[in-house]
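Visitor: Here you go, this is structure.txt (compact mmCIF, C-alpha atoms and all ligand atoms).
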# COMPACT_ATOMS: atom_id res chain seq x y z
CA MET A 1 67.40 63.81 103.16
CA LYS A 2 67.59 63.32 106.90
CA ASP A 3 65.38 65.61 108.97
CA VAL A 4 67.21 68.39 110.81
CA TYR A 5 66.16 69.36 114.33
CA ILE A 6 67.51 72.64 115.68
CA LEU A 7 67.26 73.74 119.29
CA ALA A 8 67.03 77.54 119.10
CA ILE A 9 67.59 80.09 121.87
CA GLU A 10 66.46 83.74 121.93
CA SER A 11 67.18 86.16 124.79
CA SER A 12 67.98 89.48 123.10
CA CYS A 13 65.51 91.66 124.99
CA ASP A 14 62.79 90.80 127.51
CA GLU A 15 61.67 87.36 126.36
CA THR A 16 63.54 84.15 127.23
CA SER A 17 62.55 81.73 124.52
CA MET A 18 63.57 78.32 123.18
CA ALA A 19 62.17 76.21 120.39
CA ILE A 20 62.83 72.99 118.55
CA VAL A 21 62.32 73.51 114.83
CA LYS A 22 62.36 70.74 112.22
CA ASN A 23 63.83 71.50 108.81
CA GLY A 24 63.55 75.25 109.42
CA LYS A 25 59.76 75.12 109.19
CA GLU A 26 57.96 72.82 111.58
CA VAL A 27 57.80 74.18 115.13
CA ILE A 28 57.96 71.03 117.25
CA SER A 29 57.86 73.04 120.48
CA LEU A 30 58.11 76.65 121.57
CA SER A 31 58.45 78.11 125.03
CA ILE A 32 58.46 81.83 125.87
CA ALA A 33 58.95 83.37 129.31
CA THR A 34 58.06 87.03 129.06
CA GLN A 35 59.24 89.73 131.46
CA ILE A 36 56.67 92.31 130.38
CA LYS A 37 54.87 92.42 133.72
CA THR A 38 58.11 93.35 135.51
CA HIS A 39 59.29 96.00 133.04
CA GLU A 40 55.79 97.47 132.88
CA ASN A 41 56.45 98.88 136.36
CA TYR A 42 59.38 100.91 135.01
CA GLY A 43 57.79 102.03 131.74
CA GLY A 44 60.40 100.17 129.68
CA VAL A 45 62.98 97.38 129.72
CA VAL A 46 65.57 97.73 132.49
CA PRO A 47 68.65 95.92 131.07
CA GLU A 48 70.09 94.83 134.43
CA ILE A 49 66.79 93.29 135.51
CA ALA A 50 66.30 91.72 132.07
CA SER A 51 69.59 89.78 132.19
CA ARG A 52 68.96 88.64 135.74
CA MET A 53 65.51 87.35 134.77
CA HIS A 54 66.91 85.54 131.73
CA THR A 55 69.35 83.76 134.03
CA GLU A 56 66.50 82.71 136.31
CA ALA A 57 64.28 81.54 133.44
CA ILE A 58 66.62 79.89 130.99
CA THR A 59 66.88 76.37 132.46
CA LEU A 60 63.13 76.27 133.09
CA VAL A 61 62.47 77.33 129.50
CA LEU A 62 64.86 74.63 128.26
CA GLU A 63 63.11 72.00 130.37
CA ASP A 64 59.69 73.15 129.11
CA THR A 65 60.81 73.15 125.45
CA LEU A 66 62.18 69.61 125.65
CA LYS A 67 59.15 68.37 127.55
CA LYS A 68 56.68 69.85 125.04
CA ALA A 69 58.65 68.26 122.18
CA ASN A 70 59.12 65.00 124.06
CA MET A 71 62.73 65.08 122.96
CA LYS A 72 66.19 64.94 124.53
CA ILE A 73 69.02 67.31 123.66
CA GLU A 74 70.93 64.30 122.30
CA GLU A 75 68.31 64.07 119.54
CA VAL A 76 68.81 67.58 118.10
CA ASP A 77 71.28 68.24 115.29
CA ALA A 78 72.44 71.72 116.25
CA ILE A 79 72.07 74.54 118.76
CA ALA A 80 71.23 78.00 117.38
CA VAL A 81 71.34 81.24 119.32
CA THR A 82 70.67 84.94 118.78
CA TYR A 83 74.03 86.71 119.11
CA ALA A 84 73.01 90.23 117.98
CA PRO A 85 71.56 92.86 118.00
CA GLY A 86 70.00 93.42 121.39
CA LEU A 87 70.83 94.10 125.02
CA THR A 88 74.35 92.77 125.63
CA GLY A 89 73.66 91.39 129.11
CA SER A 90 70.53 89.63 127.88
CA LEU A 91 72.19 88.19 124.78
CA ILE A 92 75.07 86.81 126.86
CA VAL A 93 72.72 84.62 128.91
CA GLY A 94 71.41 82.87 125.78
CA ILE A 95 74.85 82.64 124.21
CA GLU A 96 76.43 81.07 127.29
CA ALA A 97 73.60 78.55 127.55
CA ALA A 98 74.07 77.69 123.86
CA LYS A 99 77.84 77.30 124.18
CA THR A 100 77.47 75.09 127.24
CA LEU A 101 74.88 72.82 125.59
CA SER A 102 76.98 72.66 122.42
CA LEU A 103 80.08 71.66 124.38
CA ILE A 104 78.42 69.10 126.63
CA TYR A 105 76.32 67.43 123.94
CA ASN A 106 78.84 67.89 121.14
CA LYS A 107 76.42 69.74 118.85
CA PRO A 108 77.39 72.34 116.25
CA LEU A 109 76.64 75.93 117.20
CA ILE A 110 74.89 78.42 114.88
CA ALA A 111 74.82 82.19 115.48
CA VAL A 112 71.70 84.00 114.25
CA ASN A 113 71.10 87.72 113.78
CA HIS A 114 67.86 88.62 115.59
CA LEU A 115 66.54 90.75 112.71
CA ILE A 116 67.19 87.99 110.18
CA GLY A 117 65.28 85.78 112.61
CA HIS A 118 62.29 88.15 112.37
CA ILE A 119 62.43 87.89 108.57
CA TYR A 120 62.56 84.07 108.64
CA ALA A 121 59.52 84.00 110.91
CA ASN A 122 57.72 84.42 107.58
CA ASN A 123 59.11 81.10 106.37
CA ILE A 124 57.52 79.06 109.16
CA GLU A 125 53.95 78.97 107.88
CA ASP A 126 54.56 80.16 104.32
CA ASN A 127 57.42 79.92 101.84
CA MET A 128 59.63 82.89 101.10
CA GLU A 129 60.39 83.18 97.41
CA PHE A 130 63.10 85.48 96.11
CA PRO A 131 63.73 88.25 95.33
CA LEU A 132 61.58 89.94 97.95
CA LEU A 133 61.36 93.21 99.81
CA ALA A 134 61.81 92.90 103.58
CA LEU A 135 60.48 95.61 105.84
CA ILE A 136 61.84 95.36 109.37
CA VAL A 137 59.81 97.24 111.96
CA SER A 138 60.84 96.53 115.52
CA GLY A 139 61.64 98.27 118.78
CA GLY A 140 65.19 99.01 117.66
CA HIS A 141 65.06 98.93 113.86
CA THR A 142 63.23 100.28 110.83
CA GLU A 143 64.80 99.05 107.61
CA LEU A 144 63.77 98.28 104.07
CA LEU A 145 65.87 95.64 102.31
CA ILE A 146 65.96 93.62 99.14
CA MET A 147 66.51 89.95 99.89
CA GLU A 148 67.90 88.27 96.79
CA SER A 149 68.21 84.77 98.24
CA ASP A 150 68.84 83.11 101.60
CA TYR A 151 71.09 85.47 103.60
CA LYS A 152 71.74 87.75 100.60
CA PHE A 153 70.55 91.27 101.43
CA LYS A 154 70.82 94.73 99.94
CA LYS A 155 69.76 97.63 102.10
CA LEU A 156 67.51 100.26 100.51
CA GLY A 157 67.09 102.44 103.60
CA GLU A 158 66.86 102.61 107.34
CA THR A 159 65.88 104.98 110.10
CA LEU A 160 68.16 107.94 110.63
CA ASP A 161 67.10 108.26 114.27
CA ASP A 162 64.32 106.50 116.22
CA ALA A 163 62.87 103.15 115.19
CA ILE A 164 59.11 103.01 114.62
CA GLY A 165 58.57 100.69 117.62
CA GLU A 166 60.56 103.07 119.80
CA ALA A 167 58.33 105.94 118.63
CA TYR A 168 55.23 103.88 119.51
CA ASP A 169 56.68 103.19 122.97
CA LYS A 170 57.56 106.85 123.60
CA VAL A 171 54.20 108.13 122.42
CA ALA A 172 52.55 105.58 124.71
CA ARG A 173 54.57 106.81 127.66
CA VAL A 174 53.85 110.50 127.05
CA ILE A 175 50.10 109.88 126.86
CA GLY A 176 50.21 107.66 129.94
CA LEU A 177 49.85 104.17 128.42
CA LYS A 178 51.72 101.15 129.72
CA TYR A 179 54.82 99.45 128.28
CA PRO A 180 55.01 97.94 125.70
CA GLY A 181 53.45 100.92 124.03
CA GLY A 182 52.78 99.52 120.57
CA PRO A 183 49.76 97.33 121.34
CA ASN A 184 48.30 99.98 123.67
CA VAL A 185 48.66 102.83 121.19
CA GLU A 186 47.04 100.55 118.59
CA LYS A 187 44.07 99.93 120.92
CA TYR A 188 43.57 103.64 121.55
CA ALA A 189 43.99 104.48 117.86
CA LEU A 190 41.13 102.13 117.02
CA GLU A 191 38.77 104.37 118.96
CA GLY A 192 40.12 107.71 117.79
CA LYS A 193 39.90 110.05 114.79
CA HIS A 194 42.79 111.59 112.88
CA SER A 195 42.23 115.07 114.28
CA TYR A 196 45.77 116.23 115.10
CA ASN A 197 47.93 117.73 112.42
CA LEU A 198 51.35 116.08 112.85
CA PRO A 199 54.53 116.48 110.79
CA LYS A 200 55.26 113.82 108.19
CA PRO A 201 58.35 111.79 109.21
CA VAL A 202 60.57 112.41 106.15
CA MET A 203 60.05 114.65 103.15
CA ASP A 204 63.04 113.51 101.09
CA ASP A 205 63.06 111.04 98.27
CA THR A 206 65.31 108.34 99.75
CA TYR A 207 64.36 105.06 101.37
CA ASN A 208 65.43 106.31 104.78
CA PHE A 209 63.06 106.87 107.67
CA SER A 210 62.98 109.36 110.52
CA TYR A 211 60.62 109.14 113.46
CA SER A 212 62.17 111.50 115.99
CA GLY A 213 60.47 114.64 114.57
CA LEU A 214 57.05 112.99 114.79
CA LYS A 215 57.79 111.76 118.30
CA SER A 216 59.04 115.18 119.46
CA ALA A 217 56.01 116.92 117.95
CA ILE A 218 53.77 114.71 120.07
CA ILE A 219 55.82 115.22 123.22
CA ASN A 220 55.69 119.00 122.69
CA LEU A 221 51.98 118.94 121.95
CA VAL A 222 51.26 117.04 125.18
CA HIS A 223 53.54 119.26 127.29
CA ASN A 224 52.06 122.47 125.84
CA ALA A 225 48.55 121.22 126.54
CA GLU A 226 49.54 120.33 130.11
CA GLN A 227 50.98 123.81 130.66
CA LYS A 228 47.81 125.43 129.36
CA GLY A 229 45.64 123.03 131.38
CA GLU A 230 44.04 121.71 128.19
CA GLU A 231 42.78 118.13 127.75
CA ILE A 232 44.45 115.93 125.18
CA ASN A 233 42.28 113.45 123.34
CA LYS A 234 44.50 110.39 123.76
CA TYR A 235 42.47 108.31 121.32
CA ASP A 236 42.70 110.92 118.57
CA LEU A 237 46.39 111.51 119.23
CA ALA A 238 47.15 107.79 119.10
CA ARG A 239 45.21 107.54 115.82
CA SER A 240 46.86 110.60 114.29
CA PHE A 241 50.32 109.29 115.22
CA GLN A 242 49.61 105.79 113.93
CA ASP A 243 48.26 107.05 110.61
CA VAL A 244 51.34 109.18 109.96
CA ALA A 245 53.83 106.57 111.20
CA ILE A 246 52.40 103.69 109.17
CA ASP A 247 51.62 105.77 106.07
CA GLU A 248 55.32 106.58 105.83
CA LEU A 249 56.12 102.84 105.71
CA VAL A 250 53.50 102.38 103.01
CA ARG A 251 54.94 105.26 100.98
CA LYS A 252 58.45 103.77 101.07
CA VAL A 253 57.29 100.27 100.17
CA GLU A 254 55.26 101.70 97.27
CA LYS A 255 58.36 103.50 96.01
CA ALA A 256 60.27 100.20 96.23
CA PHE A 257 57.55 98.31 94.31
CA LEU A 258 57.76 100.92 91.56
CA GLU A 259 61.53 101.24 91.43
CA THR A 260 62.64 97.63 91.91
CA GLY A 261 59.76 95.84 90.21
CA ILE A 262 59.84 93.27 93.03
CA LYS A 263 56.33 92.10 93.83
CA ARG A 264 56.84 90.30 97.13
CA LEU A 265 56.89 91.88 100.56
CA VAL A 266 57.67 90.37 103.94
CA VAL A 267 57.10 92.41 107.08
CA ALA A 268 59.15 91.50 110.13
CA GLY A 269 59.56 92.57 113.76
CA GLY A 270 57.28 93.44 116.67
CA VAL A 271 55.40 96.27 114.92
CA SER A 272 54.25 93.78 112.26
CA ALA A 273 51.72 92.70 114.92
CA ASN A 274 49.88 95.97 114.20
CA LYS A 275 46.55 95.45 112.42
CA TYR A 276 46.45 98.87 110.76
CA LEU A 277 49.89 98.21 109.27
CA LYS A 278 48.66 94.86 107.99
CA GLU A 279 45.51 96.37 106.45
CA GLU A 280 47.43 99.18 104.74
CA MET A 281 50.11 96.83 103.40
CA ASP A 282 47.35 94.52 102.21
CA LYS A 283 45.73 97.35 100.23
CA LEU A 284 49.06 98.36 98.76
CA CYS A 285 49.95 94.80 97.78
CA GLN A 286 46.55 94.38 96.11
CA LYS A 287 47.11 97.58 94.15
CA TYR A 288 50.44 96.26 92.82
CA ASP A 289 49.37 92.63 92.61
CA ALA A 290 52.14 91.76 95.06
CA LYS A 291 52.35 88.97 97.62
CA LEU A 292 52.30 90.07 101.25
CA MET A 293 53.72 87.98 104.07
CA ILE A 294 53.31 88.87 107.73
CA PRO A 295 53.79 86.19 110.38
CA ARG A 296 50.96 85.20 112.68
CA LEU A 297 50.98 87.16 115.95
CA LEU A 298 52.92 84.55 117.93
CA TYR A 299 55.79 84.75 115.44
CA CYS A 300 55.68 88.57 115.01
CA THR A 301 57.09 89.35 118.44
CA ASP A 302 60.29 87.90 119.90
CA ASN A 303 60.37 84.10 119.90
CA ALA A 304 62.93 81.34 119.35
CA ALA A 305 61.02 79.56 116.56
CA MET A 306 62.09 82.31 114.15
CA ILE A 307 65.72 81.76 115.24
CA GLY A 308 65.38 78.06 114.45
CA ALA A 309 63.92 78.94 111.04
CA ALA A 310 66.76 81.37 110.29
CA ALA A 311 69.40 78.89 111.48
CA TYR A 312 68.33 76.20 109.00
CA PRO A 313 69.95 77.68 105.84
CA LEU A 314 73.15 78.16 107.89
CA TYR A 315 72.97 74.53 109.00
CA LEU A 316 72.64 73.41 105.38
CA LYS A 317 75.74 75.45 104.49
CA GLN A 318 77.48 74.08 107.60
CA GLU A 319 78.12 77.62 108.77
CA PHE A 320 78.97 76.78 112.34
CA ILE A 321 80.78 78.98 114.82
CA ASP A 322 83.29 78.36 117.57
CA TYR A 323 83.18 79.31 121.23
CA LYS A 324 84.77 82.70 120.58
CA ILE A 325 81.36 84.05 119.52
CA ASN A 326 80.22 86.95 121.65
CA ALA A 327 77.21 89.21 121.99
CA SER A 328 76.99 92.36 119.89
CA SER A 329 74.49 95.07 120.67
CA HIS A 330 74.66 96.51 117.13
CA VAL A 331 75.23 94.47 114.00
CA ASP A 332 74.12 95.34 110.51
CA ILE A 333 72.35 92.77 108.33
CA CYS A 334 74.38 93.99 105.35
O1 LIG B 401 60.62 92.78 117.56
P1 LIG B 401 60.24 93.16 118.93
O2 LIG B 401 59.35 92.22 119.70
O3 LIG B 401 61.51 93.45 119.76
C1 LIG B 401 62.62 94.03 119.15
O4 LIG B 401 63.35 93.26 118.47
O5 LIG B 401 62.74 95.26 119.25
O6 LIG B 401 59.53 94.58 118.81
C2 LIG B 401 59.10 95.25 119.93
C3 LIG B 401 58.43 96.51 119.46
C4 LIG B 401 58.04 97.43 120.62
O7 LIG B 401 58.46 98.72 120.30
C5 LIG B 401 56.53 97.30 120.64
O8 LIG B 401 55.89 98.46 121.14
C6 LIG B 401 56.21 97.10 119.18
O9 LIG B 401 57.22 96.21 118.74
N1 LIG B 401 54.90 96.48 118.98
C7 LIG B 401 53.88 97.10 118.32
C8 LIG B 401 52.76 96.24 118.40
N2 LIG B 401 53.14 95.11 119.09
C9 LIG B 401 54.45 95.29 119.43
N3 LIG B 401 53.82 98.29 117.71
C10 LIG B 401 52.65 98.66 117.15
N4 LIG B 401 51.53 97.89 117.19
C11 LIG B 401 51.55 96.68 117.80
N5 LIG B 401 50.45 95.93 117.83
ZN ZN B 402 62.62 91.48 117.99
Represent the structure of the file as structure tokens.

Guide:
Amino acid sequence: MKDVYILAIESSCDETSMAIVKNGKEVISLSIATQIKTHENYGGVVPEIASRMHTEAITLVLEDTLKKANMKIEEVDAIAVTYAPGLTGSLIVGIEAAKTLSLIYNKPLIAVNHLIGHIYANNIEDNMEFPLLALIVSGGHTELLIMESDYKFKKLGETLDDAIGEAYDKVARVIGLKYPGGPNVEKYALEGKHSYNLPKPVMDDTYNFSYSGLKSAIINLVHNAEQKGEEINKYDLARSFQDVAIDELVRKVEKAFLETGIKRLVVAGGVSANKYLKEEMDKLCQKYDAKLMIPRLLYCTDNAAMIGAAAYPLYLKQEFIDYKINASSHVDIC
């Protein structure tokens, strides 16, 4: 069969990224322009600034991607773009670039869900075999799904309030660590002890998650200490939070191993970059003799290679879209 080259575009949050991916697996080139340094000054992503910066970066990122691949747009078979979920103004920049390239170069257009992209990041350097359990842990989502085959999902549970990444970011802010909070909380947690008694996220027996109670408990704890003029041990608090937050993921995945009998787990989304999460999932998977897949760091956080990987099965099914496609801030996988 002829090789398929997809030019993929990702601009859903604060990274402008493009990649050329061959047959959904081989990353020919990848370019990422991150806005972290700018948003760091505000303690979080400012949507208006994010879309403006995507506009400034996108042609440079395209040029860089083509140059690294030593390819011309004429040589690719399709253009893929993240259309949802994410920040609307940011998504629009990528979508408009994709539509324009598709129109000018007469290439089919493929719309990719960002979260499905995170899942397919696991297919770049390994092979996903079905059925599998997919745990999505990002800044906006916490979901546990059964993936029966390419693009066939069944949701087991999701967060009822805050996503785990969001909780990491808020905890970071309240203890005075920079955005993005996840990696910084992880660094502090490494040096701390579990000395704070925090509430467990959810006591019920469903697959749903809840992180707002844990987050609020930490905010209250810090504010109370401030009022009393007491010192908070930031390292211990980061560690106590991380233990509780990740242990809840482990508990839900264990329940799914037992109840579904599925012995494959893929972890997807920015929080999958967390080493403690990886170690705990590793232990759990060893206990149940299950296969664990977590992408390498570069493919854990937002990048266009994962969009190219996720676009490939759609290309094979010729699931192309027309120019009516628009950005959606919230779209469910299933
Ligand atoms: O998937 P992602 O890059 O963007 C979204 O699609 O949301 O995820 C970003 C989230 C942020 O909340 C960030 O703090 C978190 O992933 N994150 C981490 C780590 N690296 C990124 N959380 C915990 N530990 C990390 N090492
Ligand atoms: Zn993401």

Visitor: What is the atom CA of A:Lys152 to atom O9 of ligand LIG 401 (chain B) distance in Å?

Guide: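 These atoms are spaced 24.7 Å apart.
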
Visitor: Do you know which residues are at most 10 Å from A:Ala163 counting only C-alpha atoms, after dropping those on the same chain fewer than 5 positions away, and could you put them as JSON, numbers by chain?

Guide: {"A": [136, 137, 138, 139, 140, 141, 142, 143, 158, 168, 169, 209, 210, 211, 212]}

Visitor: Could you give me, as a compact mmCIF listing (two decimals) with C-alpha atoms, in the frame of the given file, the residues within 9 Å of A:Lys275, counting all atoms listed in the file and dropping anything in the same chain fewer than 4 positions from it?

Guide:
# COMPACT_ATOMS: atom_id res chain seq x y z
CA GLU A 186 47.04 100.55 118.59
CA GLU A 279 45.51 96.37 106.45
CA GLU A 280 47.43 99.18 104.74

Visitor: Rounded to one decimal in Å, what is the spacing between atom CA of A:Ala8 and atom CA of A:Ser90?

Guide: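 Computed distance, atom CA of A:Ala8 to atom CA of A:Ser90, equals 15.3 Å.
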
Visitor: Sorted by chain and rising residue number, list the residues of stretch 129-192 of chain A at most 8 Å from stretch 42-55 of chain A (counting only C-alpha atoms), each with its closest atom pair and distance in Å to one decimal, as a tab-separated table.

Guide:
residue	atom	partner	partner_atom	distance
A:Arg173	CA	A:Gly43	CA	7.1
A:Lys178	CA	A:Gly43	CA	6.5
A:Tyr179	CA	A:Gly43	CA	5.2
A:Pro180	CA	A:Gly44	CA	7.1

Visitor: Residues within 9 Å of A:Thr82, please, as a ChimeraX atom specification. Count all atoms listed in the file; anything in the same chain fewer than 6 positions from it doesn't count.

Guide: /A:8-12,91,94-95,110-114,117,304,307,327

Visitor: Given 6 Å of margin on each side, can you work out the centre and size in Å (one decimal) of an axis-aligned box holding every listed atom of ligand LIG 401 (chain B), as JSON?

Guide:
{"center_x": 56.9, "center_y": 95.5, "center_z": 119.1, "size_x": 24.9, "size_y": 18.5, "size_z": 16.0}

Visitor: With only C-alpha atoms as the atoms that count, which of A:Ser102, A:Asn197, A:Asn184, A:Gln286 lies nearest to A:Ala273?

Guide: A:Asn184

Visitor: Please find the residues contacting ligand ZN 402 (chain B) at a distance of at most 6 Å between atoms, with all atoms listed in the file counted, and report them as a list of chain:residue names.

Guide: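 Protein and nucleic-acid residues within 6 Å of ligand ZN 402 (chain B): A:Ser138, A:Gly269, A:Gly270, A:Thr301, A:Asp302.
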
Visitor: Contacts of A:Val4 at 8 Å or less, counting only C-alpha atoms, minus same-chain residues fewer than 6 places along, as a list in words?

Guide: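 The neighbour list is Lys22, Asn23, Gly24, Val76 and Asp77 of chain A.
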
Visitor: Which residue is closest to ligand LIG 401 (chain B)? Choose from A:Ile262, A:Val267, A:Ala98, A:Ile124 and count all atoms listed in the file.

Guide: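 Ranked by minimum distance to ligand LIG 401 (chain B), first place goes to A:Val267.
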
Visitor: Around the point (63.2, 103.8, 103.8) (coordinates from the file), which residues reach within 12 Å if we count only C-alpha atoms? Answer as a ChimeraX atom specification.

Guide: /A:133-137,141-146,155-160,163-164,201-211,247-256

Visitor: Only C-alpha atoms, please: the residues just picked out, written as an mmCIF file, in the frame of the given file.

Guide:
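So out_11.cif came out as:
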data_model
loop_
_atom_site.group_PDB
_atom_site.id
_atom_site.type_symbol
_atom_site.label_atom_id
_atom_site.label_comp_id
_atom_site.auth_asym_id
_atom_site.auth_seq_id
_atom_site.Cartn_x
_atom_site.Cartn_y
_atom_site.Cartn_z
ATOM 1 C CA LEU A 133 61.360 93.210 99.810
ATOM 2 C CA ALA A 134 61.810 92.900 103.580
ATOM 3 C CA LEU A 135 60.480 95.610 105.840
ATOM 4 C CA ILE A 136 61.840 95.360 109.370
ATOM 5 C CA VAL A 137 59.810 97.240 111.960
ATOM 6 C CA HIS A 141 65.060 98.930 113.860
ATOM 7 C CA THR A 142 63.230 100.280 110.830
ATOM 8 C CA GLU A 143 64.800 99.050 107.610
ATOM 9 C CA LEU A 144 63.770 98.280 104.070
ATOM 10 C CA LEU A 145 65.870 95.640 102.310
ATOM 11 C CA ILE A 146 65.960 93.620 99.140
ATOM 12 C CA LYS A 155 69.760 97.630 102.100
ATOM 13 C CA LEU A 156 67.510 100.260 100.510
ATOM 14 C CA GLY A 157 67.090 102.440 103.600
ATOM 15 C CA GLU A 158 66.860 102.610 107.340
ATOM 16 C CA THR A 159 65.880 104.980 110.100
ATOM 17 C CA LEU A 160 68.160 107.940 110.630
ATOM 18 C CA ALA A 163 62.870 103.150 115.190
ATOM 19 C CA ILE A 164 59.110 103.010 114.620
ATOM 20 C CA PRO A 201 58.350 111.790 109.210
ATOM 21 C CA VAL A 202 60.570 112.410 106.150
ATOM 22 C CA MET A 203 60.050 114.650 103.150
ATOM 23 C CA ASP A 204 63.040 113.510 101.090
ATOM 24 C CA ASP A 205 63.060 111.040 98.270
ATOM 25 C CA THR A 206 65.310 108.340 99.750
ATOM 26 C CA TYR A 207 64.360 105.060 101.370
ATOM 27 C CA ASN A 208 65.430 106.310 104.780
ATOM 28 C CA PHE A 209 63.060 106.870 107.670
ATOM 29 C CA SER A 210 62.980 109.360 110.520
ATOM 30 C CA TYR A 211 60.620 109.140 113.460
ATOM 31 C CA ASP A 247 51.620 105.770 106.070
ATOM 32 C CA GLU A 248 55.320 106.580 105.830
ATOM 33 C CA LEU A 249 56.120 102.840 105.710
ATOM 34 C CA VAL A 250 53.500 102.380 103.010
ATOM 35 C CA ARG A 251 54.940 105.260 100.980
ATOM 36 C CA LYS A 252 58.450 103.770 101.070
ATOM 37 C CA VAL A 253 57.290 100.270 100.170
ATOM 38 C CA GLU A 254 55.260 101.700 97.270
ATOM 39 C CA LYS A 255 58.360 103.500 96.010
ATOM 40 C CA ALA A 256 60.270 100.200 96.230
#

Visitor: Given all atoms listed in the file as the basis, pick out the residue of A:Tyr323, A:Phe257, A:Tyr235, A:Tyr288 nearest to A:Leu190.

Guide: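 For A:Leu190, the nearest of the candidates is A:Tyr235.
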
Visitor: Have a look at A:Asp289, A:Glu166, A:Asp161, A:Glu26 and name the one nearest to ligand LIG 401 (chain B); count all atoms listed in the file.

Guide: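 Between A:Asp289, A:Glu166, A:Asp161, A:Glu26, the residue approaching ligand LIG 401 (chain B) most closely is A:Glu166.
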
Visitor: May I ask which of the residues A:Val271, A:Leu30, A:Leu103, A:Ala217 is the closest one to ligand LIG 401 (chain B), counting all atoms listed in the file?

Guide: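 Ranking A:Val271, A:Leu30, A:Leu103, A:Ala217 by distance to ligand LIG 401 (chain B), first place goes to A:Val271.
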